[in-house]
Structures are given as structure tokens and as C-alpha cells.
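Asks: Below is the file query.txt, with compact mmCIF, C-alpha atoms.
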```txt
# COMPACT_ATOMS: atom_id res chain seq x y z
CA MET I 1 16.28 1.71 -63.61
CA ALA I 2 14.88 1.50 -67.13
CA LEU I 3 14.83 4.49 -69.42
CA ASP I 4 11.63 6.56 -69.33
CA LEU I 5 11.10 6.53 -73.09
CA THR I 6 8.14 8.91 -73.05
CA ALA I 7 10.14 11.53 -71.15
CA LEU I 8 13.27 10.85 -73.22
CA ARG I 9 11.52 11.14 -76.59
CA ALA I 10 9.85 14.41 -75.59
CA HIS I 11 13.26 16.11 -75.89
CA PHE I 12 13.55 15.28 -79.63
CA PRO I 13 11.57 17.63 -81.89
CA SER I 14 12.24 15.43 -84.92
CA LEU I 15 10.33 12.53 -83.37
CA ALA I 16 7.13 14.56 -83.63
CA THR I 17 7.20 13.82 -87.37
CA GLY I 18 6.13 10.26 -86.64
CA LEU I 19 9.17 8.87 -88.41
CA ALA I 20 10.82 5.75 -87.03
CA TYR I 21 14.58 6.30 -87.33
CA PHE I 22 16.97 3.40 -87.84
CA ASP I 23 19.78 5.51 -89.27
CA GLY I 24 21.60 6.19 -86.00
CA PRO I 25 24.91 4.69 -87.21
CA GLY I 26 25.01 7.51 -89.75
CA GLY I 27 23.98 10.15 -87.21
CA THR I 28 21.36 10.29 -84.48
CA GLN I 29 18.52 12.74 -83.97
CA THR I 30 19.30 15.73 -81.78
CA PRO I 31 17.60 16.63 -78.49
CA ARG I 32 16.48 20.17 -77.81
CA PRO I 33 19.02 20.85 -75.01
CA VAL I 34 21.87 20.34 -77.50
CA ALA I 35 20.37 22.81 -79.96
CA ASP I 36 19.66 25.26 -77.13
CA ALA I 37 23.30 25.11 -75.98
CA ILE I 38 24.51 25.83 -79.51
CA ALA I 39 22.15 28.79 -79.91
CA ALA I 40 22.92 30.24 -76.48
CA THR I 41 26.66 30.12 -77.10
CA LEU I 42 26.47 31.46 -80.63
CA THR I 43 24.31 34.42 -79.63
CA GLY I 44 26.72 35.21 -76.85
CA PRO I 45 28.16 37.41 -75.95
CA LEU I 46 30.98 35.61 -77.74
CA SER I 47 34.48 36.55 -78.88
CA ASN I 48 37.75 34.77 -79.41
CA ARG I 49 39.18 33.25 -76.23
CA GLY I 50 40.60 35.56 -73.61
CA THR I 51 40.21 36.81 -70.04
CA SER I 52 39.31 40.48 -70.43
CA SER I 53 35.60 40.47 -71.23
CA PRO I 54 32.49 38.32 -70.69
CA SER I 55 32.49 37.41 -74.38
CA GLU I 56 36.07 36.15 -74.20
CA LEU I 57 35.38 34.26 -70.99
CA ASN I 58 32.36 32.58 -72.61
CA ALA I 59 34.65 31.22 -75.32
CA GLU I 60 37.14 30.02 -72.73
CA ARG I 61 34.36 28.35 -70.80
CA ALA I 62 33.04 26.57 -73.90
CA VAL I 63 36.46 25.03 -74.53
CA ALA I 64 37.10 24.07 -70.90
CA ASP I 65 33.62 22.56 -70.48
CA PHE I 66 34.03 20.56 -73.69
CA ARG I 67 37.33 19.07 -72.59
CA ALA I 68 35.94 18.26 -69.13
CA ALA I 69 32.83 16.59 -70.58
CA TYR I 70 34.77 14.34 -72.94
CA ALA I 71 37.30 13.57 -70.25
CA ASP I 72 34.38 12.20 -68.23
CA LEU I 73 32.83 10.39 -71.19
CA LEU I 74 36.07 8.71 -72.27
CA HIS I 75 37.71 8.38 -68.82
CA MET I 76 40.75 10.39 -69.86
CA PRO I 77 42.51 13.61 -68.76
CA ALA I 78 40.97 16.81 -70.08
CA THR I 79 44.36 17.81 -71.51
CA GLY I 80 44.19 14.73 -73.73
CA ILE I 81 40.98 15.78 -75.51
CA VAL I 82 41.37 17.14 -79.05
CA HIS I 83 38.53 18.66 -81.09
CA GLY I 84 38.27 18.04 -84.82
CA ARG I 85 35.79 18.66 -87.60
CA SER I 86 35.18 14.91 -87.90
CA ALA I 87 36.71 11.57 -86.97
CA THR I 88 37.89 11.26 -90.58
CA GLN I 89 39.67 14.61 -90.42
CA LEU I 90 41.30 13.74 -87.10
CA THR I 91 42.51 10.40 -88.42
CA TYR I 92 43.98 12.05 -91.50
CA ASP I 93 45.68 14.63 -89.28
CA PHE I 94 47.15 12.07 -86.92
CA SER I 95 48.22 9.80 -89.76
CA HIS I 96 50.41 12.72 -90.87
CA HIS I 97 51.64 13.40 -87.34
CA LEU I 98 52.53 9.78 -86.59
CA ALA I 99 54.00 9.00 -90.01
CA LYS I 100 56.72 11.59 -89.39
CA GLY I 101 58.34 8.96 -87.21
CA TRP I 102 58.03 6.10 -89.71
CA LYS I 103 60.74 4.91 -92.09
CA ALA I 104 61.07 2.46 -94.94
CA GLY I 105 60.93 -1.09 -93.62
CA ASP I 106 58.42 -0.26 -90.87
CA GLU I 107 54.99 -1.89 -90.90
CA ILE I 108 51.46 -1.00 -89.85
CA ILE I 109 48.47 -3.29 -89.33
CA LEU I 110 44.94 -2.44 -90.44
CA SER I 111 41.65 -4.30 -90.10
CA ARG I 112 39.27 -5.58 -92.79
CA LEU I 113 36.44 -4.82 -90.36
CA ASP I 114 36.96 -1.07 -90.38
CA HIS I 115 35.19 1.93 -91.86
CA ASP I 116 37.38 3.43 -94.56
CA ALA I 117 38.12 6.42 -92.31
CA ASN I 118 40.38 4.12 -90.28
CA VAL I 119 41.89 2.52 -93.39
CA ARG I 120 42.58 4.93 -96.23
CA PRO I 121 44.40 7.64 -94.21
CA TRP I 122 46.86 5.02 -92.94
CA ILE I 123 47.36 3.40 -96.35
CA GLN I 124 48.10 6.77 -97.92
CA ALA I 125 50.47 7.74 -95.11
CA ALA I 126 52.23 4.37 -95.44
CA GLU I 127 52.65 4.83 -99.18
CA ARG I 128 54.30 8.21 -98.65
CA ALA I 129 56.65 6.83 -95.98
CA GLY I 130 57.51 3.57 -97.75
CA VAL I 131 55.87 1.54 -94.98
CA THR I 132 54.34 -1.92 -95.47
CA VAL I 133 50.61 -2.41 -94.75
CA CYS I 134 49.56 -5.71 -93.16
CA TRP I 135 46.02 -6.87 -92.41
CA ILE I 136 43.81 -8.46 -89.78
CA GLU I 137 41.33 -10.47 -91.82
CA ILE I 138 37.64 -11.18 -91.18
CA ASP I 139 36.31 -14.66 -90.54
CA THR I 140 33.42 -14.43 -92.98
CA GLY I 141 31.51 -17.20 -91.25
CA THR I 142 31.32 -15.39 -87.92
CA THR I 143 32.04 -11.77 -88.99
CA GLU I 144 34.65 -11.70 -86.23
CA LEU I 145 38.25 -10.63 -86.73
CA ASP I 146 40.61 -13.52 -87.47
CA LEU I 147 43.10 -13.12 -84.65
CA ASP I 148 45.40 -15.75 -86.14
CA SER I 149 45.94 -13.42 -89.09
CA TYR I 150 46.76 -10.68 -86.58
CA GLU I 151 49.42 -12.81 -84.95
CA ARG I 152 50.92 -13.52 -88.37
CA ALA I 153 50.94 -9.81 -89.22
CA LEU I 154 52.45 -8.57 -85.94
CA SER I 155 56.22 -8.20 -85.82
CA PRO I 156 58.97 -6.12 -84.19
CA ARG I 157 58.68 -3.83 -87.23
CA THR I 158 55.04 -2.96 -86.46
CA ARG I 159 54.67 0.72 -85.60
CA LEU I 160 50.87 1.06 -85.50
CA VAL I 161 47.77 -1.11 -85.21
CA ALA I 162 44.54 0.62 -86.31
CA VAL I 163 41.32 -1.18 -85.43
CA THR I 164 37.68 -0.42 -84.80
CA ALA I 165 36.03 -0.96 -81.44
CA ALA I 166 32.76 -1.76 -83.25
CA SER I 167 31.92 -2.17 -86.93
CA ASN I 168 29.57 0.50 -88.24
CA VAL I 169 27.84 -2.02 -90.52
CA LEU I 170 28.06 -5.41 -88.82
CA GLY I 171 28.13 -4.27 -85.20
CA THR I 172 31.01 -6.67 -84.47
CA LYS I 173 33.01 -5.65 -81.39
CA PRO I 174 36.49 -7.15 -81.64
CA PRO I 175 38.58 -7.84 -78.52
CA VAL I 176 40.33 -4.48 -78.59
CA ARG I 177 42.12 -4.94 -75.28
CA ALA I 178 43.67 -8.24 -76.36
CA ILE I 179 44.70 -6.71 -79.69
CA ALA I 180 46.18 -3.70 -77.90
CA ASP I 181 48.11 -5.79 -75.39
CA ARG I 182 49.80 -7.77 -78.17
CA ALA I 183 50.56 -4.56 -80.08
CA HIS I 184 52.15 -3.00 -77.02
CA GLU I 185 54.28 -6.10 -76.49
CA ALA I 186 55.63 -5.49 -80.01
CA GLY I 187 56.25 -1.80 -79.25
CA ALA I 188 53.43 -0.51 -81.49
CA LEU I 189 50.85 2.20 -80.89
CA VAL I 190 47.13 1.40 -81.09
CA TYR I 191 44.68 3.74 -82.83
CA VAL I 192 41.05 2.84 -82.13
CA ASP I 193 38.07 4.01 -84.18
CA GLY I 194 35.41 4.29 -81.48
CA VAL I 195 32.83 6.15 -83.57
CA HIS I 196 30.24 3.37 -83.56
CA TYR I 197 31.26 1.91 -80.21
CA ALA I 198 30.85 5.18 -78.29
CA ALA I 199 27.26 5.44 -79.52
CA HIS I 200 26.30 2.29 -77.62
CA HIS I 201 28.68 1.79 -74.70
CA LEU I 202 30.31 3.57 -71.83
CA VAL I 203 33.86 4.17 -73.07
CA ASP I 204 36.93 3.59 -70.93
CA VAL I 205 39.91 4.38 -73.14
CA PRO I 206 42.58 3.12 -70.71
CA ALA I 207 40.66 -0.13 -70.18
CA LEU I 208 40.50 -0.66 -73.94
CA GLY I 209 44.25 -0.23 -74.16
CA ALA I 210 43.93 2.41 -76.88
CA ASP I 211 46.77 4.89 -77.26
CA LEU I 212 44.60 7.10 -79.43
CA PHE I 213 40.79 6.88 -79.55
CA VAL I 214 38.48 8.82 -81.86
CA CYS I 215 34.71 9.29 -81.76
CA SER I 216 31.97 11.48 -83.25
CA PRO I 217 29.44 13.27 -81.00
CA TYR I 218 26.81 13.36 -83.75
CA LYS I 219 26.57 9.58 -83.46
CA PHE I 220 25.37 9.98 -79.86
CA LEU I 221 22.93 12.89 -79.96
CA GLY I 222 25.44 15.74 -80.40
CA PRO I 223 26.45 18.10 -83.22
CA HIS I 224 28.68 17.26 -86.16
CA CYS I 225 32.29 17.17 -85.00
CA GLY I 226 34.98 14.71 -83.94
CA VAL I 227 36.88 14.09 -80.71
CA LEU I 228 40.26 12.42 -80.29
CA SER I 229 41.59 11.29 -76.94
CA ALA I 230 45.15 10.33 -76.03
CA ALA I 231 47.41 10.56 -73.02
CA PRO I 232 48.87 14.08 -72.83
CA GLU I 233 52.33 12.52 -72.52
CA LEU I 234 51.89 10.84 -75.91
CA LEU I 235 50.55 14.04 -77.49
CA GLU I 236 53.65 15.87 -76.22
CA THR I 237 55.81 13.62 -78.43
CA LEU I 238 53.94 14.55 -81.62
CA ARG I 239 54.84 17.69 -83.57
CA PRO I 240 52.17 18.72 -86.08
CA ASP I 241 52.72 21.22 -88.86
CA LYS I 242 51.13 24.41 -87.55
CA LEU I 243 51.12 28.17 -87.78
CA LEU I 244 54.02 29.78 -85.94
CA PRO I 245 51.91 32.06 -83.66
CA SER I 246 49.35 29.36 -82.81
CA PRO I 247 49.56 27.66 -79.40
CA ASP I 248 52.15 24.95 -78.96
CA THR I 249 50.59 23.51 -75.81
CA VAL I 250 48.80 20.16 -75.70
CA PRO I 251 46.09 19.67 -76.85
CA GLU I 252 45.77 23.07 -78.56
CA ARG I 253 48.69 22.42 -80.93
CA PHE I 254 46.48 19.90 -82.81
CA GLU I 255 43.49 22.25 -83.23
CA PHE I 256 44.01 24.49 -86.21
CA GLY I 257 42.32 27.88 -86.39
CA THR I 258 39.58 29.32 -84.21
CA LEU I 259 37.54 26.65 -82.48
CA PRO I 260 33.76 26.46 -83.14
CA TYR I 261 32.70 27.40 -79.63
CA GLU I 262 29.01 26.84 -80.31
CA ILE I 263 29.69 23.29 -81.56
CA LEU I 264 31.79 22.58 -78.49
CA ALA I 265 28.91 23.73 -76.31
CA GLY I 266 26.51 21.45 -78.16
CA ALA I 267 28.88 18.52 -77.82
CA THR I 268 29.12 19.19 -74.08
CA ALA I 269 25.34 19.33 -73.81
CA ALA I 270 25.13 15.93 -75.52
CA VAL I 271 27.30 14.38 -72.80
CA ASP I 272 25.19 16.02 -70.10
CA PHE I 273 22.02 14.73 -71.80
CA LEU I 274 23.43 11.19 -71.89
CA ALA I 275 24.34 11.43 -68.21
CA ALA I 276 20.76 12.38 -67.31
CA MET I 277 18.92 9.82 -69.46
CA ASP I 278 18.29 7.44 -66.59
CA PRO I 279 16.06 9.36 -64.13
CA GLY I 280 17.54 7.26 -61.33
CA THR I 281 20.76 9.23 -61.62
CA SER I 282 19.22 12.41 -60.28
CA GLY I 283 20.63 13.29 -56.89
CA THR I 284 22.20 9.88 -56.29
CA GLU I 285 25.64 10.09 -57.90
CA THR I 286 28.54 12.32 -57.07
CA SER I 287 30.09 12.74 -60.50
CA ARG I 288 29.14 13.00 -64.16
CA ARG I 289 31.12 9.82 -64.87
CA GLU I 290 28.97 7.92 -62.38
CA CYS I 291 25.82 9.32 -63.95
CA LEU I 292 27.08 8.30 -67.38
CA THR I 293 27.80 4.80 -66.12
CA ARG I 294 24.26 4.34 -64.88
CA SER I 295 22.52 5.99 -67.84
CA LEU I 296 24.53 4.21 -70.51
CA THR I 297 24.04 0.88 -68.77
CA SER I 298 20.28 1.46 -68.95
CA MET I 299 20.60 2.55 -72.58
CA HIS I 300 22.56 -0.57 -73.45
CA GLU I 301 19.94 -2.84 -71.88
CA HIS I 302 17.15 -1.04 -73.75
CA GLU I 303 18.93 -1.23 -77.10
CA GLN I 304 19.83 -4.89 -76.67
CA SER I 305 16.21 -5.73 -75.88
CA LEU I 306 15.12 -4.02 -79.10
CA ARG I 307 17.88 -5.82 -81.02
CA THR I 308 16.56 -9.17 -79.83
CA ARG I 309 13.04 -8.25 -80.90
CA LEU I 310 14.26 -7.12 -84.31
CA GLN I 311 16.41 -10.22 -84.86
CA GLU I 312 13.56 -12.55 -83.96
CA GLY I 313 11.23 -10.67 -86.30
CA LEU I 314 13.73 -10.86 -89.16
CA LYS I 315 14.19 -14.58 -88.57
CA ALA I 316 10.42 -15.03 -88.84
CA LEU I 317 10.56 -13.54 -92.36
CA GLY I 318 12.51 -16.60 -93.47
CA ASP I 319 15.09 -17.01 -96.20
CA ALA I 320 14.02 -13.81 -97.95
CA ILE I 321 16.40 -11.92 -95.63
CA THR I 322 20.06 -12.70 -95.10
CA LEU I 323 21.40 -11.22 -91.89
CA HIS I 324 25.13 -10.56 -92.13
CA SER I 325 25.61 -9.43 -88.52
CA LYS I 326 26.63 -12.66 -86.79
CA ALA I 327 29.23 -11.88 -84.13
CA LEU I 328 28.41 -12.96 -80.60
CA ASP I 329 29.47 -9.62 -79.17
CA ARG I 330 28.06 -6.72 -81.18
CA THR I 331 26.11 -3.49 -81.11
CA PRO I 332 22.39 -3.21 -81.96
CA THR I 333 23.18 -2.65 -85.65
CA LEU I 334 22.00 -5.17 -88.24
CA LEU I 335 23.13 -5.44 -91.87
CA MET I 336 20.93 -7.42 -94.23
CA THR I 337 20.37 -8.21 -97.87
CA LEU I 338 17.01 -9.15 -99.35
CA GLU I 339 16.80 -12.10 -101.71
CA GLY I 340 15.90 -10.98 -105.22
CA HIS I 341 15.52 -7.33 -104.23
CA ASP I 342 17.64 -4.19 -104.41
CA ALA I 343 18.09 -2.78 -100.90
CA ARG I 344 17.56 0.72 -102.29
CA ASP I 345 14.04 -0.27 -103.30
CA ALA I 346 13.42 -1.48 -99.77
CA GLN I 347 14.70 1.84 -98.42
CA THR I 348 12.26 3.71 -100.64
CA HIS I 349 9.38 1.41 -99.67
CA LEU I 350 10.09 1.85 -95.97
CA ALA I 351 10.44 5.62 -96.29
CA ALA I 352 6.93 5.78 -97.74
CA ARG I 353 5.77 4.08 -94.54
CA LYS I 354 7.68 6.65 -92.44
CA VAL I 355 10.49 4.27 -91.54
CA VAL I 356 14.04 5.51 -92.11
CA ALA I 357 16.42 2.59 -92.79
CA PRO I 358 19.19 3.42 -95.26
CA ALA I 359 20.73 1.24 -97.96
CA GLY I 360 24.34 1.42 -99.12
CA SER I 361 27.84 0.30 -98.21
CA PHE I 362 28.31 3.04 -95.59
CA TYR I 363 32.01 3.68 -96.28
CA ALA I 364 32.71 0.11 -95.14
CA HIS I 365 34.70 -0.83 -98.23
CA GLU I 366 36.80 -3.53 -96.56
CA PRO I 367 33.94 -5.44 -94.85
CA PHE I 368 31.81 -5.35 -98.01
CA THR I 369 34.71 -6.67 -100.07
CA ALA I 370 35.55 -9.37 -97.52
CA LEU I 371 31.93 -10.55 -97.40
CA ASN I 372 31.63 -10.39 -101.20
CA LEU I 373 28.66 -8.03 -101.02
CA LYS I 374 28.29 -6.76 -104.57
CA GLY I 375 25.53 -4.21 -104.11
CA PRO I 376 23.96 -2.09 -101.39
CA ALA I 377 22.69 -3.65 -98.18
CA LEU I 378 20.01 -2.46 -95.77
CA ARG I 379 21.21 -1.32 -92.34
CA ALA I 380 18.99 -1.02 -89.28
CA GLY I 381 20.71 0.68 -86.37
CA LEU I 382 18.98 1.21 -83.04
CA ALA I 383 19.29 4.32 -80.86
CA PRO I 384 18.14 5.10 -77.30
CA TYR I 385 14.96 6.84 -78.52
CA ASN I 386 13.74 3.82 -80.52
CA THR I 387 10.70 1.90 -79.28
CA THR I 388 9.16 -1.53 -79.73
CA ASP I 389 6.59 0.14 -82.00
CA ASP I 390 9.43 1.41 -84.21
CA VAL I 391 10.81 -2.11 -84.49
CA ASP I 392 7.40 -3.57 -85.33
CA ARG I 393 6.84 -0.93 -88.00
CA LEU I 394 10.15 -1.81 -89.62
CA LEU I 395 9.31 -5.50 -89.57
CA ASP I 396 5.81 -4.90 -90.96
CA GLY I 397 7.28 -2.72 -93.70
CA LEU I 398 9.79 -5.38 -94.69
CA ALA I 399 7.12 -8.07 -94.69
CA ALA I 400 4.96 -5.96 -96.99
CA PHE I 401 7.93 -5.28 -99.30
CA LEU I 402 8.87 -8.94 -99.58
```
Reformat the file's structure so that it appears as C-alpha cells.
Replies:
Amino acid sequence: MALDLTALRAHFPSLATGLAYFDGPGGTQTPRPVADAIAATLTGPLSNRGTSSPSELNAERAVADFRAAYADLLHMPATGIVHGRSATQLTYDFSHHLAKGWKAGDEIILSRLDHDANVRPWIQAAERAGVTVCWIEIDTGTTELDLDSYERALSPRTRLVAVTAASNVLGTKPPVRAIADRAHEAGALVYVDGVHYAAHHLVDVPALGADLFVCSPYKFLGPHCGVLSAAPELLETLRPDKLLPSPDTVPERFEFGTLPYEILAGATAAVDFLAAMDPGTSGTETSRRECLTRSLTSMHEHEQSLRTRLQEGLKALGDAITLHSKALDRTPTLLMTLEGHDARDAQTHLAARKVVAPAGSFYAHEPFTALNLKGPALRAGLAPYNTTDDVDRLLDGLAAFL
């Protein structure tokens, strides 16, 4: 079934402003059930985790429900779900954990397609450990990863391959499974930045071949936090620096300090909201994973239809717009520059017309450098609550600006 956009949009108080939001890659709008779950948990009763009182049990339930929800979303065991403040923080943490096993002469491979959160932590960890950094380059003509450069970089000394599942600026979705299979043949671990990918696709971490996978619930309707997933057996081999009295079990040993139970509840509510987006799921599936499969398939079809409409409209504007998103397989996120215009001026012009489309480099230092983009670019990212009217308003606004 198709998404019921009228019913879906009614859950988002921010849409009542009349704004058309194309800033989903930086963070989506939040539906009321997510906010309600946060408020209900925070106002309790709530205590630190335990088994003696209702307030302690509420905290325990928030943690257990969170792990179960993200196990379903990512198709992983609940004991392999780690909460973090953000994907950036989790990547920094795990760069420290993993680098404990590196030595001088080892190598890691990074991607020129990636957000800096999946680049800088690894570079800095490699510098401390005396490890060589190698690169998967971008084919600037197609904005795909150059897999020949990957083959040249891969060696028996490779300890880690860090790659995005989808570029947050270009939308490019590299062949993660093929990259992972080759890495595993070389004996390397694979760390996948799934922040942008998880906002647009049903995630199956084992199918991707990722050893560690990180995402951000606020990119798919949830609160600001990060989630890392890995096989519990792999997590058991990693020994983080931690407080002596804090739990040493997996995954708790990677979560420092008291967990934000209200944020966990909101993140759980986001998964439940995603699972219920397609009204055809009601009463027909037997598990949350099955509901997610159906809802996110409908979401994907809706977003791809809007992407086609937007691309065709941009093409009609002629040479005044250069579209840098070219990969055959990509998310509904378009990066563009405007001939003779500063993208920040276009952002301001669109905002005055109640269209939110940000300009910048979006922490994508490597892609911007590879594509020789000297200044800010305009990014239009679609989300499940966007409509054809939103797309037409963006196109009309750009036409008026040009």
C-alpha cells in the first residue's frame, strides 16, 4: 500500500507551520508520539535502573525496549545494540577501542565519500598508533566509489575498512557488501556509517556485511542520539576504558554513565512509528520487523517518486543548476550548485518562501574536496512527510531565485 500522507503528516506538529522541509539529512521533524514517549518516561515515576520499585523498573524497561526496537530495525541481537550521544561520539569511542589492537605497520582504509565523522576519528586514532591510512577514491564523473582504488589499497596489513552506506550529501550508495566481503577476505573489520542510509532504507546489518554499524535516530524521526550495532561476540573482544564499578557486560560496558532513559524511550517510539507508517501493516504482520519491512518499502517508493519529480524539475531549469548527485543507486538527496550564485543566498531566498533547504558542506569534507567544490552547495533531502506540493514549491522558489 501507499503511505497515507494526510494521516502521516497529522502526527507532526511542526508541519502546521506551513514550512516545506528539505533538511532531513541534517535531522528530520519529530512526530508527536516520539515527544509523548519522552515526556511520559521523564515524568515517571523514574529512577536509576533496578528491580525494587516501579520507578526502577520503568528505567529497566526503557533500556530493554530500546535494545529490542533497534534489534528489530537493524536485524541484530538486542545484546549487540549500544546507545551513544551521537554517531560521531560512538565512532570516536570505537576508534579508541579498536586501535588498542593496532600496531605500527598496520593499515586502515577510509573512503573519500564519507562524512567526516567516519574519517577524522580513524585518522586521529591511526596517527596515535603509527598506522598507515589508505583511501578509496571517488570517481568524480559518476560520484561512485572507485573500487579499483580499493583493491589497490587492500592488503594483508589492513585492519579496518570504514565506509558509508550512503553519502549524506550526494546520496551515493556504494556496494557495501562487496566491499565488506573483500575486507573480510583480507582479515579486516568493516565499520559502516549508516546514518544517512538508515533514514531511507530497511537496514539488514548482517546482509550488508558490516561488523559494526552506526546510525542516528534523529535522522529518522527520533530524538538526538546515536546507536551502534555489532555482534555481541565481537563486542566481547573489545575492552574499553571504563569506571571500575560500572558494568562489564556487553553492551553495557560501552555506555558510560547513567543512560538517558527518556531519550531511549523516544528512540523506541520512533521505530514503532516507522513500523506503523503503512496502514496496511495493521493486524496483518506477526512481528515488528515485518511491519518495518512493509512500511519502509512504502516509504522508499514514495521518496523515490518525489526524487524523480524533483530531478526532472531541476533539469527543466537548465544550465543554471549543476546537480552533483549522479550515482545510479542513491538516496533521495540532491546536492546542487547554482551558476553565478552563492548557495547561501538561495537558502535565504527559499526560507522567505517557507522552504527549508540548507546550504553548506555538511561535514562532508572529503567529497567536497574530491569534487573541487570551493564554496557551499544547496542540499535538498526528502523525508517521508514530504509531498509533491513541497517539491513544486522548492522548484518554484529556485526558478524565482535564478
Asks: Using only C-alpha atoms, which residues sit within 9 Å of region 71-77 of chain I once same-chain residues fewer than 3 positions away are excluded, as a PyMOL selection string?
Replies: chain I and resi 66-68+80-81+198+202-206+213+229-232+271+287-289+292
Asks: Nearest to Ala270 (chain I) among I:His97, I:His11, I:His324, I:Lys374, with distances taken over only C-alpha atoms: which residue is it?
Replies: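 Among I:His97, I:His11, I:His324, I:Lys374, it is I:His11 that comes nearest to Ala270 (chain I).
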Asks: Would you please work out which residue, of I:His224, I:Arg307, I:His300, I:His341, is nearest to Val34 (chain I) when using all atoms listed in the file?
Replies: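 Looking at the shortest contact to Val34 (chain I), the residue is I:His224.
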Asks: Between I:Arg61, I:Arg128, I:His115, I:Arg379, which has the minimum distance to Val192 (chain I) (counting all atoms listed in the file)?
Replies: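 Of all the options, I:His115 lies closest to Val192 (chain I).
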Asks: Set the distance at 10 Å and use only C-alpha atoms: which residues neighbour region 137-148 of chain I once local chain neighbours fewer than 4 positions away are removed? I'd like the list as a list in words.
Replies: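 So, after excluding close chain neighbours, the residues are Leu110, Ser111, Arg112, Leu113, Arg152, Ala153, Ser167, Leu170, Gly171, Thr172, Lys173, Pro174, Pro175, Ala178, Ile179, His324, Ser325, Lys326, Ala327, Leu328, Asp329, Arg330, Glu366, Pro367, Ala370, Leu371 and Asn372 of chain I.
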Asks: Could you pull the residues within 7 Å of Thr158 (chain I), counting all atoms listed in the file, minus those fewer than 3 positions along the same chain, as a list in words?
Replies: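 Near Thr158 (chain I), the qualifying residues are Asp106, Glu107, Ile108, Leu154, Ser155, Ala186 and Ala188 of chain I.
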Asks: Can you work out which one of I:Leu234, I:Val169, I:Ala265, I:Ile136 has the shortest atom-to-atom distance to Ala40 (chain I), counting all atoms listed in the file?
Replies: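 Using all atoms listed in the file, Ala40 (chain I) sits closest to I:Ala265.
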Asks: What's the 10 Å shell around Gly27 (chain I), counting only C-alpha atoms, without same-chain residues fewer than 6 positions away, as a list of chain:residue names?
Replies: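 Near Gly27 (chain I), the qualifying residues are I:His196, I:Ala199, I:Ser216, I:Pro217, I:Tyr218, I:Lys219, I:Phe220, I:Leu221, I:Gly222, I:Pro223, I:His224, I:Ala383.
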Asks: Padding 6 Å on every side, please: axis-aligned box over the listed atoms of region 32-46 of chain I, centre and edge lengths to one decimal in Å, as JSON.
Replies:
```
{"center_x": 23.7, "center_y": 28.8, "center_z": -77.8, "size_x": 26.5, "size_y": 29.2, "size_z": 17.6}
```
Asks: Contacts of region 14-19 of chain I at 12 Å or less, counting all atoms listed in the file, minus same-chain residues fewer than 4 places along, as JSON, numbers by chain?
Replies: {"I": [5, 6, 8, 9, 10, 23, 28, 29, 30, 31, 32, 350, 351, 352, 353, 354, 355, 356, 357, 385, 386, 387, 389, 390, 391, 393, 394]}
Asks: Those same residues, written as a PDB file, in the coordinates of the input with C-alpha atoms?
Replies:
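That gives us part.pdb:
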```pdb
ATOM      1  CA  LEU I   5      11.100   6.530 -73.090  1.00  0.00           C
ATOM      2  CA  THR I   6       8.140   8.910 -73.050  1.00  0.00           C
ATOM      3  CA  LEU I   8      13.270  10.850 -73.220  1.00  0.00           C
ATOM      4  CA  ARG I   9      11.520  11.140 -76.590  1.00  0.00           C
ATOM      5  CA  ALA I  10       9.850  14.410 -75.590  1.00  0.00           C
ATOM      6  CA  ASP I  23      19.780   5.510 -89.270  1.00  0.00           C
ATOM      7  CA  THR I  28      21.360  10.290 -84.480  1.00  0.00           C
ATOM      8  CA  GLN I  29      18.520  12.740 -83.970  1.00  0.00           C
ATOM      9  CA  THR I  30      19.300  15.730 -81.780  1.00  0.00           C
ATOM     10  CA  PRO I  31      17.600  16.630 -78.490  1.00  0.00           C
ATOM     11  CA  ARG I  32      16.480  20.170 -77.810  1.00  0.00           C
ATOM     12  CA  LEU I 350      10.090   1.850 -95.970  1.00  0.00           C
ATOM     13  CA  ALA I 351      10.440   5.620 -96.290  1.00  0.00           C
ATOM     14  CA  ALA I 352       6.930   5.780 -97.740  1.00  0.00           C
ATOM     15  CA  ARG I 353       5.770   4.080 -94.540  1.00  0.00           C
ATOM     16  CA  LYS I 354       7.680   6.650 -92.440  1.00  0.00           C
ATOM     17  CA  VAL I 355      10.490   4.270 -91.540  1.00  0.00           C
ATOM     18  CA  VAL I 356      14.040   5.510 -92.110  1.00  0.00           C
ATOM     19  CA  ALA I 357      16.420   2.590 -92.790  1.00  0.00           C
ATOM     20  CA  TYR I 385      14.960   6.840 -78.520  1.00  0.00           C
ATOM     21  CA  ASN I 386      13.740   3.820 -80.520  1.00  0.00           C
ATOM     22  CA  THR I 387      10.700   1.900 -79.280  1.00  0.00           C
ATOM     23  CA  ASP I 389       6.590   0.140 -82.000  1.00  0.00           C
ATOM     24  CA  ASP I 390       9.430   1.410 -84.210  1.00  0.00           C
ATOM     25  CA  VAL I 391      10.810  -2.110 -84.490  1.00  0.00           C
ATOM     26  CA  ARG I 393       6.840  -0.930 -88.000  1.00  0.00           C
ATOM     27  CA  LEU I 394      10.150  -1.810 -89.620  1.00  0.00           C
TER      28      LEU I 394
END
```
Asks: Select, from I:Lys103, I:Phe273, I:Pro358, I:Ala183, the residue with the minimum atom-to-atom distance to Glu151 (chain I), counting only C-alpha atoms.
Replies: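 For Glu151 (chain I), the nearest of the candidates is I:Ala183.
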Asks: One decimal, in Å: what's the spacing between CA of Leu57 (chain I) and CA of Pro245 (chain I)?
Replies: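 Between CA of Leu57 (chain I) and CA of Pro245 (chain I) the gap is 20.9 Å.
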Asks: What is the CA of Tyr261 (chain I) to CA of Glu60 (chain I) distance in Å?
Replies: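 Result for CA of Tyr261 (chain I) versus CA of Glu60 (chain I): 8.6 Å, one decimal.
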Asks: Mind pulling up the distance from CA of Glu303 (chain I) to CA of Met336 (chain I)?
Replies: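 Separation between CA of Met336 (chain I) and CA of Glu303 (chain I): 18.3 Å.
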Asks: Give the answer as one residue: which of I:His201, I:Leu317, I:Leu334, I:Asp342 has the shortest atom-to-atom distance to Thr293 (chain I), using all atoms listed in the file?
Replies: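 Looking at the shortest contact to Thr293 (chain I), the residue is I:His201.
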